[in-house]
$ cat start.txt   # compact mmCIF, C-alpha atoms and all ligand atoms
# COMPACT_ATOMS: atom_id res chain seq x y z
CA MET A 209 -26.09 3.04 23.51
CA ASP A 210 -23.23 2.91 25.99
CA SER A 211 -19.62 3.46 25.09
CA TYR A 212 -16.33 3.30 26.87
CA LYS A 213 -12.96 4.26 25.45
CA GLY A 214 -9.52 5.57 26.31
CA LEU A 215 -5.88 5.92 25.25
CA GLY A 216 -3.45 3.04 25.64
CA MET A 217 -3.46 -0.70 25.25
CA ILE A 218 -6.75 -2.53 25.70
CA THR A 219 -5.64 -3.97 29.01
CA GLU A 220 -4.84 -0.47 30.24
CA VAL A 221 -8.20 0.95 29.15
CA PHE A 222 -10.58 -1.86 30.08
CA SER A 223 -10.97 -3.18 33.55
CA GLU A 224 -13.37 -5.96 34.40
CA GLU A 225 -15.75 -3.42 35.91
CA ASN A 226 -16.05 -1.05 32.99
CA ARG A 227 -16.19 -3.96 30.55
CA ASP A 228 -18.95 -5.70 32.45
CA SER A 229 -20.94 -2.47 32.63
CA LEU A 230 -21.54 -2.69 28.88
CA HIS A 231 -24.72 -4.60 28.10
CA GLY A 232 -26.67 -5.29 24.93
CA ASN A 233 -26.89 -7.54 21.91
CA ILE A 234 -24.75 -5.51 19.51
CA GLY A 235 -21.19 -4.59 20.33
CA LEU A 236 -18.58 -2.61 18.45
CA GLY A 237 -14.92 -2.16 19.34
CA HIS A 238 -11.94 -0.48 17.74
CA VAL A 239 -8.20 -0.45 18.30
CA ARG A 240 -6.77 2.63 16.72
CA TYR A 241 -3.62 2.59 14.64
CA SER A 242 -2.44 6.13 14.99
CA ALA A 243 -1.25 7.48 11.64
CA ALA A 244 -1.05 11.02 13.01
CA GLU A 245 1.31 12.78 15.39
CA LYS A 246 -1.52 13.74 17.67
CA GLU A 247 -2.96 11.28 20.15
CA SER A 248 -6.23 12.52 21.54
CA ARG A 249 -9.03 10.78 23.37
CA GLN A 250 -11.64 12.40 21.14
CA ASP A 251 -10.23 10.59 18.12
CA VAL A 252 -10.60 7.19 19.75
CA GLN A 253 -13.24 5.11 18.02
CA PRO A 254 -15.98 3.91 17.82
CA LEU A 255 -17.61 7.30 17.26
CA VAL A 256 -21.07 7.67 18.70
CA ILE A 257 -23.29 10.02 16.68
CA ASN A 258 -26.68 11.17 17.94
CA TYR A 259 -28.87 12.62 15.22
CA ILE A 260 -32.53 13.11 14.42
CA LYS A 261 -33.10 9.48 13.39
CA GLY A 262 -31.44 8.06 16.49
CA THR A 263 -27.92 6.90 17.23
CA LEU A 264 -25.17 5.52 15.01
CA ILE A 265 -21.90 4.05 16.12
CA LEU A 266 -19.05 3.81 13.66
CA ALA A 267 -15.63 2.19 13.68
CA ASN A 268 -13.40 2.64 10.66
CA ASN A 269 -10.01 1.54 9.40
CA GLY A 270 -8.41 3.60 6.63
CA ASN A 271 -7.97 7.11 5.36
CA LEU A 272 -10.09 9.16 2.99
CA THR A 273 -8.30 10.90 0.13
CA ASN A 274 -10.97 13.59 -0.10
CA GLY A 275 -11.57 13.83 3.67
CA ARG A 276 -10.33 17.40 3.94
CA GLU A 277 -12.49 18.68 1.07
CA LEU A 278 -15.57 16.89 2.43
CA LYS A 279 -14.93 18.26 5.89
CA GLU A 280 -14.64 21.81 4.54
CA GLU A 281 -17.85 21.41 2.57
CA LEU A 282 -19.69 20.15 5.63
CA ALA A 283 -18.22 22.88 7.84
CA ARG A 284 -19.50 25.49 5.39
CA THR A 285 -23.02 24.15 5.89
CA GLY A 286 -22.74 24.53 9.65
CA ALA A 287 -21.35 21.16 10.71
CA ILE A 288 -19.26 21.19 13.88
CA PHE A 289 -16.53 18.57 14.27
CA GLN A 290 -15.29 17.21 17.53
CA THR A 291 -12.46 15.05 16.23
CA GLU A 292 -9.67 15.13 13.67
CA ALA A 293 -10.70 11.71 12.40
CA ASP A 294 -11.95 11.06 8.86
CA SER A 295 -14.44 8.72 10.44
CA GLU A 296 -16.44 11.67 11.71
CA VAL A 297 -16.77 12.94 8.13
CA VAL A 298 -18.00 9.49 7.11
CA ALA A 299 -20.47 9.39 10.00
CA TYR A 300 -21.80 12.85 9.10
CA HIS A 301 -22.38 11.76 5.52
CA ILE A 302 -24.20 8.63 6.55
CA ALA A 303 -26.37 10.57 9.03
CA ARG A 304 -27.27 13.17 6.38
CA GLU A 305 -28.05 10.56 3.76
CA ARG A 306 -30.17 8.71 6.29
CA LEU A 307 -32.61 11.63 6.37
CA ASN A 308 -33.64 10.87 2.77
CA THR A 309 -33.33 7.09 2.59
CA ARG A 310 -35.48 4.16 3.67
CA ASN A 311 -32.84 2.47 5.74
CA ALA A 312 -29.30 2.78 7.09
CA GLU A 313 -27.72 0.52 4.46
CA GLU A 314 -29.03 2.75 1.68
CA ALA A 315 -27.57 5.75 3.52
CA VAL A 316 -24.21 3.96 3.76
CA ARG A 317 -24.32 3.23 0.02
CA ASN A 318 -25.06 6.86 -0.87
CA ALA A 319 -22.31 8.05 1.45
CA MET A 320 -19.88 5.61 -0.18
CA THR A 321 -20.36 7.29 -3.55
CA LYS A 322 -19.07 10.53 -2.02
CA ILE A 323 -16.17 9.38 0.12
CA HIS A 324 -12.98 8.38 -1.68
CA GLY A 325 -9.97 6.44 -0.49
CA ALA A 326 -9.54 3.61 1.96
CA TYR A 327 -12.13 2.53 4.49
CA SER A 328 -13.34 -0.68 6.04
CA MET A 329 -16.04 0.25 8.47
CA VAL A 330 -18.62 -1.22 10.76
CA ILE A 331 -21.70 0.80 11.65
CA ALA A 332 -24.18 -0.13 14.33
CA SER A 333 -27.66 1.22 14.90
CA PRO A 334 -29.89 -0.15 17.69
CA ARG A 335 -31.25 -2.89 15.45
CA LYS A 336 -28.59 -3.66 12.88
CA MET A 337 -24.95 -3.87 12.15
CA ILE A 338 -23.47 -2.96 8.77
CA GLY A 339 -20.01 -3.82 7.47
CA ALA A 340 -18.74 -2.00 4.39
CA ARG A 341 -15.49 -2.02 2.46
CA ASP A 342 -14.34 0.57 -0.06
CA PRO A 343 -14.52 -0.51 -3.73
CA PHE A 344 -10.71 -0.88 -3.96
CA GLY A 345 -10.69 -3.08 -0.86
CA PHE A 346 -7.57 -1.43 0.57
CA ARG A 347 -8.22 -2.56 4.12
CA PRO A 348 -9.42 -6.04 5.04
CA LEU A 349 -12.78 -6.92 6.59
CA CYS A 350 -14.12 -10.40 7.19
CA ILE A 351 -17.25 -12.03 8.55
CA GLY A 352 -17.42 -14.74 11.19
CA LYS A 353 -20.21 -16.56 12.94
CA ARG A 354 -20.65 -18.19 16.32
CA ASP A 355 -24.02 -19.81 16.93
CA ASN A 356 -26.46 -17.11 15.84
CA THR A 357 -24.05 -14.25 16.28
CA TYR A 358 -22.36 -12.56 13.36
CA ILE A 359 -18.99 -10.90 13.77
CA PHE A 360 -17.10 -8.44 11.58
CA ALA A 361 -13.35 -8.17 12.07
CA SER A 362 -10.31 -6.84 10.24
CA GLU A 363 -8.43 -10.09 10.67
CA THR A 364 -9.48 -13.70 10.97
CA CYS A 365 -7.29 -14.18 14.07
CA ALA A 366 -9.91 -12.16 15.96
CA LEU A 367 -12.54 -14.74 15.01
CA ASP A 368 -10.33 -17.55 16.32
CA ALA A 369 -9.92 -15.68 19.60
CA VAL A 370 -13.66 -15.75 20.27
CA GLY A 371 -14.28 -19.24 18.90
CA ALA A 372 -16.14 -18.02 15.82
CA GLU A 373 -16.04 -19.66 12.41
CA PHE A 374 -14.82 -17.75 9.40
CA VAL A 375 -17.71 -17.22 6.98
CA ARG A 376 -16.12 -15.12 4.24
CA ASP A 377 -14.42 -11.80 3.46
CA VAL A 378 -16.53 -8.74 2.75
CA LEU A 379 -15.98 -8.00 -0.96
CA PRO A 380 -14.40 -4.72 -1.99
CA GLY A 381 -17.37 -2.33 -2.44
CA GLU A 382 -19.81 -4.63 -0.65
CA ILE A 383 -22.23 -3.59 2.10
CA VAL A 384 -23.23 -6.44 4.42
CA THR A 385 -26.13 -5.93 6.80
CA VAL A 386 -26.84 -8.10 9.82
CA THR A 387 -30.21 -7.94 11.58
CA LYS A 388 -32.19 -10.29 13.80
CA GLU A 389 -33.40 -11.95 10.60
CA GLY A 390 -29.90 -12.77 9.34
CA MET A 391 -27.38 -11.42 6.87
CA SER A 392 -27.95 -9.64 3.54
CA SER A 393 -25.59 -8.15 0.99
CA ASP A 394 -25.56 -5.22 -1.43
CA THR A 395 -22.93 -5.48 -4.16
CA THR A 396 -24.05 -2.48 -6.25
CA LEU A 397 -20.73 -0.69 -5.70
CA CYS A 398 -18.51 -3.72 -6.30
CA GLY A 399 -16.34 -3.24 -9.38
CA ASN A 400 -13.25 -4.61 -11.05
CA GLN A 401 -10.78 -2.02 -9.88
CA ILE A 402 -9.58 -3.89 -6.82
CA ARG A 403 -6.42 -2.71 -5.07
CA LYS A 404 -5.97 -4.41 -1.71
CA CYS A 405 -3.03 -3.25 0.40
CA ILE A 406 -0.05 -5.56 -0.06
CA PHE A 407 1.60 -4.11 3.06
CA GLU A 408 -1.04 -5.88 5.18
CA TYR A 409 0.73 -9.14 4.30
CA ILE A 410 4.23 -7.73 4.80
CA TYR A 411 3.75 -5.98 8.11
CA PHE A 412 0.31 -5.19 9.50
CA ALA A 413 -1.57 -8.42 9.82
CA ARG A 414 -0.87 -11.18 12.27
CA PRO A 415 0.69 -14.29 10.69
CA ASP A 416 -2.19 -16.46 11.92
CA SER A 417 -4.67 -14.44 9.84
CA TYR A 418 -5.99 -15.06 6.35
CA ILE A 419 -6.82 -12.00 4.29
CA ASP A 420 -8.93 -12.42 1.18
CA GLY A 421 -8.19 -16.13 1.15
CA ILE A 422 -4.40 -15.79 1.46
CA SER A 423 -2.48 -16.90 4.53
CA VAL A 424 -0.37 -14.04 5.89
CA TYR A 425 2.16 -16.58 7.20
CA ASN A 426 2.57 -18.29 3.82
CA SER A 427 2.95 -14.97 2.03
CA ARG A 428 5.78 -14.00 4.40
CA ILE A 429 7.49 -17.36 3.96
CA MET A 430 7.29 -16.82 0.22
CA ALA A 431 8.71 -13.28 0.52
CA GLY A 432 11.66 -14.73 2.44
CA LYS A 433 12.27 -17.35 -0.24
CA ILE A 434 12.25 -14.76 -3.03
CA LEU A 435 14.58 -12.58 -0.98
CA ALA A 436 16.99 -15.50 -0.59
CA GLN A 437 16.99 -16.15 -4.34
CA MET A 438 17.71 -12.51 -5.07
CA HIS A 439 20.11 -11.63 -2.27
CA PRO A 440 22.00 -14.66 -1.01
CA ALA A 441 24.79 -14.25 1.55
CA LYS A 442 27.32 -16.53 3.20
CA ALA A 443 26.23 -16.85 6.82
CA ASP A 444 25.90 -19.20 9.78
CA ILE A 445 22.40 -18.29 10.93
CA VAL A 446 19.22 -16.52 9.74
CA VAL A 447 17.25 -14.54 12.32
CA GLY A 448 14.04 -12.55 12.03
CA VAL A 449 13.20 -9.25 13.68
CA PRO A 450 10.00 -10.01 15.58
CA ASP A 451 7.22 -10.27 14.86
CA SER A 452 6.68 -9.60 11.19
CA GLY A 453 10.26 -10.49 10.17
CA ASN A 454 10.15 -14.00 11.66
CA ALA A 455 8.20 -15.84 8.97
CA ALA A 456 10.20 -14.17 6.19
CA ALA A 457 13.40 -15.26 7.96
CA MET A 458 12.07 -18.84 8.06
CA GLY A 459 11.41 -18.67 4.31
CA TYR A 460 14.92 -17.33 3.74
CA ALA A 461 16.44 -20.13 5.84
CA GLU A 462 14.34 -22.80 4.10
CA GLU A 463 15.44 -21.60 0.68
CA THR A 464 19.16 -21.38 1.51
CA GLY A 465 19.53 -24.26 3.95
CA ILE A 466 21.19 -21.92 6.49
CA PRO A 467 19.84 -22.69 9.98
CA TYR A 468 17.08 -20.47 11.35
CA GLY A 469 17.51 -19.16 14.88
CA THR A 470 15.75 -16.98 17.40
CA ALA A 471 18.07 -14.14 18.30
CA PHE A 472 15.65 -11.68 19.84
CA VAL A 473 13.52 -11.78 22.93
CA LYS A 474 10.62 -9.43 22.66
CA ASN A 475 8.95 -7.60 25.46
CA GLY A 476 5.32 -7.95 24.43
CA TYR A 477 4.11 -5.18 26.69
CA VAL A 478 5.36 -2.24 24.61
CA GLY A 479 3.57 -0.99 21.50
CA ARG A 480 4.99 -1.71 18.04
CA THR A 481 7.69 0.87 17.21
CA PHE A 482 6.27 1.75 13.82
CA ILE A 483 3.01 2.70 15.48
CA LYS A 484 4.47 5.17 17.96
CA PRO A 485 3.77 8.44 16.20
CA LYS A 486 6.57 10.43 17.78
CA GLN A 487 10.22 9.78 16.94
CA SER A 488 11.40 10.15 20.54
CA ALA A 489 8.81 7.63 21.77
CA ARG A 490 9.72 5.30 18.90
CA GLU A 491 13.44 5.23 19.74
CA SER A 492 13.03 4.72 23.45
CA SER A 493 10.52 1.91 22.92
CA VAL A 494 12.99 -0.03 20.67
CA LYS A 495 15.44 -0.15 23.57
CA ILE A 496 13.01 -1.76 25.94
CA LYS A 497 11.25 -3.82 23.29
CA LEU A 498 14.00 -6.13 22.07
CA ASN A 499 16.95 -7.88 23.61
CA VAL A 500 19.52 -10.11 21.90
CA MET A 501 20.39 -13.64 22.97
CA LYS A 502 24.17 -13.60 22.88
CA GLU A 503 24.42 -17.40 22.87
CA VAL A 504 22.63 -17.58 19.54
CA ILE A 505 24.67 -15.09 17.54
CA LYS A 506 28.10 -14.85 19.24
CA ASP A 507 30.95 -15.23 16.69
CA LYS A 508 28.46 -15.94 13.90
CA ARG A 509 27.80 -14.39 10.51
CA VAL A 510 24.16 -13.37 10.84
CA ILE A 511 21.46 -12.74 8.23
CA MET A 512 18.88 -10.50 9.86
CA VAL A 513 15.50 -10.36 8.11
CA ASP A 514 13.11 -7.47 8.78
CA ASP A 515 9.87 -6.46 7.06
CA SER A 516 10.76 -2.89 6.12
CA ILE A 517 13.04 0.09 6.67
CA VAL A 518 11.27 3.40 7.18
CA ARG A 519 13.52 6.00 8.78
CA GLY A 520 16.39 3.60 9.38
CA THR A 521 16.82 4.40 13.07
CA THR A 522 15.35 1.11 14.28
CA SER A 523 17.43 -0.98 11.84
CA GLU A 524 20.61 0.83 12.85
CA HIS A 525 19.87 0.20 16.49
CA ILE A 526 19.14 -3.51 15.99
CA VAL A 527 22.28 -4.09 13.87
CA ARG A 528 24.38 -2.44 16.60
CA MET A 529 22.71 -4.61 19.22
CA LEU A 530 23.65 -7.74 17.28
CA LYS A 531 27.23 -6.58 16.79
CA SER A 532 27.75 -5.63 20.39
CA ALA A 533 26.40 -9.05 21.37
CA GLY A 534 29.22 -10.64 19.36
CA ALA A 535 27.93 -11.13 15.78
CA LYS A 536 30.90 -11.25 13.35
CA GLU A 537 28.89 -9.94 10.41
CA VAL A 538 25.31 -8.72 10.03
CA HIS A 539 23.69 -8.98 6.59
CA VAL A 540 20.36 -7.18 6.52
CA ARG A 541 17.59 -8.47 4.25
CA ILE A 542 14.27 -6.65 3.92
CA SER A 543 11.17 -8.58 2.87
CA SER A 544 9.65 -5.61 1.03
CA PRO A 545 10.94 -3.21 -1.62
CA PRO A 546 12.30 0.19 -0.52
CA PHE A 547 9.64 2.66 0.63
CA LEU A 548 9.78 5.53 -1.85
CA TYR A 549 6.37 7.18 -1.66
CA PRO A 550 3.94 8.13 1.09
CA CYS A 551 0.76 6.14 1.70
CA TYR A 552 -2.53 8.05 1.66
CA PHE A 553 -4.65 5.04 2.53
CA GLY A 554 -4.24 4.63 6.23
CA THR A 555 -0.63 3.50 6.71
CA ASP A 556 1.82 5.79 8.42
CA VAL A 557 4.47 5.78 5.69
CA PRO A 558 5.93 9.25 6.28
CA SER A 559 6.73 11.93 3.72
CA CYS A 560 9.67 11.37 1.35
CA ASP A 561 12.05 13.59 3.31
CA GLN A 562 11.85 11.18 6.26
CA LEU A 563 12.24 7.97 4.23
CA ILE A 564 15.82 6.71 4.38
CA THR A 565 15.30 4.79 1.12
CA TYR A 566 14.13 7.89 -0.74
CA ASN A 567 17.14 9.94 0.17
CA ASN A 568 19.97 7.40 -0.04
CA THR A 569 21.35 4.66 -2.28
CA ILE A 570 21.31 1.07 -1.01
CA GLU A 571 25.09 1.32 -0.37
CA GLN A 572 24.62 4.50 1.64
CA ILE A 573 21.82 2.97 3.72
CA CYS A 574 23.97 -0.11 4.34
CA LYS A 575 26.68 2.15 5.79
CA LEU A 576 24.19 4.24 7.76
CA ILE A 577 22.72 1.23 9.50
CA ASP A 578 26.19 -0.29 9.97
CA ALA A 579 25.34 -3.52 8.12
CA ASP A 580 27.80 -5.69 6.18
CA SER A 581 25.40 -6.01 3.26
CA LEU A 582 21.83 -5.01 2.51
CA GLY A 583 19.21 -6.40 0.13
CA PHE A 584 15.53 -5.58 -0.50
CA LEU A 585 12.79 -7.64 -2.11
CA ASP A 586 12.56 -6.58 -5.74
CA GLY A 587 9.39 -4.66 -6.65
CA GLU A 588 9.16 -6.78 -9.84
CA ARG A 589 8.72 -9.93 -7.76
CA LEU A 590 6.71 -8.43 -4.90
CA HIS A 591 3.35 -9.80 -6.06
CA GLU A 592 4.71 -13.35 -6.13
CA MET A 593 4.36 -13.41 -2.34
CA ILE A 594 0.59 -13.37 -2.72
CA GLY A 595 0.48 -15.78 -5.65
CA GLY A 596 0.98 -13.27 -8.48
CA ASP A 597 -2.41 -11.53 -8.10
CA THR A 598 -2.16 -8.00 -9.49
CA GLY A 599 -5.26 -6.67 -7.69
CA TYR A 600 -3.05 -5.18 -5.00
CA CYS A 601 -1.87 -1.69 -4.19
CA ASP A 602 1.92 -1.29 -3.96
CA ALA A 603 1.99 2.51 -4.32
CA CYS A 604 4.36 3.14 -1.42
CA PHE A 605 6.97 1.13 -3.35
CA SER A 606 6.05 1.87 -6.97
CA GLY A 607 4.32 5.26 -6.90
CA ASN A 608 1.36 3.80 -8.87
CA TYR A 609 -1.50 5.24 -6.86
CA PRO A 610 -4.84 3.58 -7.62
CA VAL A 611 -6.66 6.72 -6.44
CA GLU A 612 -5.52 10.26 -7.00
CA PRO A 613 -3.56 11.31 -3.88
CA PRO A 614 -5.02 14.17 -1.86
CA LYS A 615 -4.16 17.66 -3.06
CA GLU A 616 -1.25 19.26 -1.22
CA GLU A 617 -2.22 22.00 1.20
S1 LIG B 701 0.45 2.72 -0.49
FE1 LIG B 701 1.45 0.91 0.45
S2 LIG B 701 0.73 0.86 2.57
FE2 LIG B 701 -0.61 2.25 1.43
S3 LIG B 701 -2.35 0.99 0.77
FE3 LIG B 701 -0.88 0.96 -0.90
S4 LIG B 701 0.43 -0.83 -0.47
FE4 LIG B 701 -0.71 -0.37 1.39

$ encode --input "start.txt" --output "structure tokens"
Amino acid sequence: MDSYKGLGMITEVFSEENRDSLHGNIGLGHVRYSAAEKESRQDVQPLVINYIKGTLILANNGNLTNGRELKEELARTGAIFQTEADSEVVAYHIARERLNTRNAEEAVRNAMTKIHGAYSMVIASPRKMIGARDPFGFRPLCIGKRDNTYIFASETCALDAVGAEFVRDVLPGEIVTVTKEGMSSDTTLCGNQIRKCIFEYIYFARPDSYIDGISVYNSRIMAGKILAQMHPAKADIVVGVPDSGNAAAMGYAEETGIPYGTAFVKNGYVGRTFIKPKQSARESSVKIKLNVMKEVIKDKRVIMVDDSIVRGTTSEHIVRMLKSAGAKEVHVRISSPPFLYPCYFGTDVPSCDQLITYNNTIEQICKLIDADSLGFLDGERLHEMIGGDTGYCDACFSGNYPVEPPKEE
């Protein structure tokens, strides 16, 4: 099996030459969302594991809640780790289980009974590809098909990009195996305790994706409408902070009848600010990422809709940008409830001491970010954005963790 990986955007890592050097009839790729301060090449996935039964390649999205304990246990039995990634712990477990099972999917199932937390993973061996989702279904995973080729992807927009048809979502707890003969499914670990991540709809996913049958775009429009009902304001224009704030801003405008406008021009060649693990990198990338169109907001009372406030630095910067471009008033509306608790399931919601919403009242935050008013989506109405389904995790807003958080060091 050949692999090629590196740090940076895909276009920076892959050239035509190194892409075309990869041959075969199974392919596995991964774009890492860094939830840790450290950025190292070793942690870039997919991980390639050579063991006595052959080779396994694994790509994973999520975070284990018992990853540290499992790693310690394995280390005590002589295991040597090359990465900081939970995915290596998962791969080790699958490889060990494989020694006593008839096939790789059985090994994946046994490993899944030991690993806890959030994971949506794809595993490839020379003859098969396996997609598996944790029983809570925190992270998305869907199946597509083009001719006789099956595709697993986190989001349906990836299927559109390669001209594949959406087949279905992998169920929480399901293990789907694809071989030359076709597709098979093992639902032994599927249960009723489903807790999909609601933040996927608010921020992570692209608006042109559908996750578990729900349009991300529609859910954001709905969030904007609810926000407008709860926190109206007198204004001349509603603008969204790109990209995830745009659809919510449209929903807000639709509900209030205030015109929607595009105030920001985004430089698409810089990474998303939330993703930059280091604060210094995050701040400098905001400056080159967004610019304001003065013509749109000059002398206007502006409602600015964004998806979330984490540390508050980005919001403060954007409000100032609008004001220095001539906005008379800036009313900030956030299409999610205040972040009050950390996420242990693969989202980089930082510890409480760094969360502006944990340490300040709404009035204080409003002053800190220099806004004229501030309103958040109410936690009570949050689930309305996805049609009222309660099978969703909202722990970073409510503190109701579906799985016991990892023990503090
Ligand atoms: S805690 Fe928040 S970000 Fe993490 S899985 Fe739950 S809803 Fe998603």

$ closest_residue --input "start.txt" --among "A:Leu379, A:Ile511, A:Ala283, A:Ile265" --to "Ala299 in chain A" --atoms "only C-alpha atoms"
A:Ile265

$ atom_distance --input "start.txt" --atom1 "CA of Arg249 in chain A" --atom2 "CA of Val298 in chain A"
18.6 Å

$ residues_near_ligand --input "start.txt" --ligand "ligand LIG 701 (chain B)" --cutoff "9 Å" --atoms "only C-alpha atoms and all ligand atoms" --output "count of residues only"
31

$ closest_atom_pairs --input "start.txt" --of "range 498-520 of chain A" --to "range 441-458 of chain A" --cutoff "10 Å" --atoms "all atoms listed in the file" --output "Markdown table"
| residue | atom | partner | partner_atom | distance |
| --- | --- | --- | --- | --- |
| A:Leu498 | CA | A:Pro450 | CA | 8.6 |
| A:Val504 | CA | A:Ile445 | CA | 8.6 |
| A:Ile505 | CA | A:Ile445 | CA | 7.7 |
| A:Asp507 | CA | A:Asp444 | CA | 9.4 |
| A:Lys508 | CA | A:Asp444 | CA | 5.8 |
| A:Arg509 | CA | A:Ala443 | CA | 4.7 |
| A:Val510 | CA | A:Ile445 | CA | 5.2 |
| A:Ile511 | CA | A:Val446 | CA | 4.6 |
| A:Met512 | CA | A:Val447 | CA | 5.0 |
| A:Val513 | CA | A:Gly448 | CA | 4.7 |
| A:Asp514 | CA | A:Gly453 | CA | 4.4 |
| A:Asp515 | CA | A:Gly453 | CA | 5.1 |
| A:Ser516 | CA | A:Gly453 | CA | 8.6 |

$ closest_residue --input "start.txt" --among "A:Met593, A:Met430, A:Ile577, A:Val500" --to "Thr522 in chain A" --atoms "only C-alpha atoms"
A:Ile577

$ residues_around --input "start.txt" --residues "Ile351 in chain A" --least-positions-apart "2" --cutoff "9 Å" --atoms "all atoms listed in the file" --output "number ranges by chain"
A: 339, 349, 353, 358-362, 364, 367, 373-378

$ atom_distance --input "start.txt" --atom1 "CA of Lys536 in chain A" --atom2 "CA of Gly469 in chain A"
15.6 Å

$ atom_distance --input "start.txt" --atom1 "CA of Met320 in chain A" --atom2 "CA of Gly262 in chain A"
20.4 Å

$ residues_around --input "start.txt" --residues "Tyr425 in chain A" --least-positions-apart "6" --cutoff "9 Å" --atoms "all atoms listed in the file" --output "list in words"
Tyr409, Arg414, Pro415, Asp416, Ser417, Tyr418, Ala455 and Ala456 of chain A

$ closest_residue --input "start.txt" --among "A:Lys261, A:Lys615, A:His324, A:Lys497" --to "Asp294 in chain A" --atoms "all atoms listed in the file"
A:His324

$ closest_residue --input "start.txt" --among "A:Ile302, A:Val518, A:Leu278, A:Cys560" --to "Ser544 in chain A" --atoms "only C-alpha atoms"
A:Val518

$ axis_aligned_box --input "start.txt" --around "range 224-229 of chain A" --padding-each-side "6 Å" --output "JSON"
{"center_x": -17.2, "center_y": -3.5, "center_z": 33.2, "size_x": 19.6, "size_y": 16.9, "size_z": 17.4}

$ closest_residue --input "start.txt" --among "A:Thr291, A:Thr521, A:Asn271, A:Asn233" --to "Ser333 in chain A" --atoms "all atoms listed in the file"
A:Asn233

$ residues_around --input "start.txt" --residues "Val386 in chain A" --least-positions-apart "5" --cutoff "8 Å" --atoms "all atoms listed in the file" --output "PyMOL selection string"
chain A and resi 336-338+358+391-392

$ closest_residue --input "start.txt" --among "A:Thr385, A:Thr219, A:Ser581, A:Gln562" --to "His439 in chain A" --atoms "only C-alpha atoms"
A:Ser581

$ residues_around --input "start.txt" --residues "range 284-287 of chain A" --least-positions-apart "4" --cutoff "9 Å" --atoms "only C-alpha atoms" --output "PyMOL selection string"
chain A and resi 279-280+300

$ residues_near_point --input "start.txt" --point "(14.9, -15.0, -1.7)" --cutoff "12 Å" --atoms "all atoms listed in the file" --output "compact mmCIF listing (two decimals) with C-alpha atoms, keeping the file's coordinate frame"
# COMPACT_ATOMS: atom_id res chain seq x y z
CA ARG A 428 5.78 -14.00 4.40
CA ILE A 429 7.49 -17.36 3.96
CA MET A 430 7.29 -16.82 0.22
CA ALA A 431 8.71 -13.28 0.52
CA GLY A 432 11.66 -14.73 2.44
CA LYS A 433 12.27 -17.35 -0.24
CA ILE A 434 12.25 -14.76 -3.03
CA LEU A 435 14.58 -12.58 -0.98
CA ALA A 436 16.99 -15.50 -0.59
CA GLN A 437 16.99 -16.15 -4.34
CA MET A 438 17.71 -12.51 -5.07
CA HIS A 439 20.11 -11.63 -2.27
CA PRO A 440 22.00 -14.66 -1.01
CA ALA A 441 24.79 -14.25 1.55
CA ALA A 456 10.20 -14.17 6.19
CA ALA A 457 13.40 -15.26 7.96
CA MET A 458 12.07 -18.84 8.06
CA GLY A 459 11.41 -18.67 4.31
CA TYR A 460 14.92 -17.33 3.74
CA ALA A 461 16.44 -20.13 5.84
CA GLU A 462 14.34 -22.80 4.10
CA GLU A 463 15.44 -21.60 0.68
CA THR A 464 19.16 -21.38 1.51
CA GLY A 465 19.53 -24.26 3.95
CA VAL A 513 15.50 -10.36 8.11
CA ARG A 541 17.59 -8.47 4.25
CA ILE A 542 14.27 -6.65 3.92
CA SER A 543 11.17 -8.58 2.87
CA SER A 544 9.65 -5.61 1.03
CA GLY A 583 19.21 -6.40 0.13
CA PHE A 584 15.53 -5.58 -0.50
CA LEU A 585 12.79 -7.64 -2.11
CA ASP A 586 12.56 -6.58 -5.74
CA ARG A 589 8.72 -9.93 -7.76
CA LEU A 590 6.71 -8.43 -4.90
CA GLU A 592 4.71 -13.35 -6.13
CA MET A 593 4.36 -13.41 -2.34
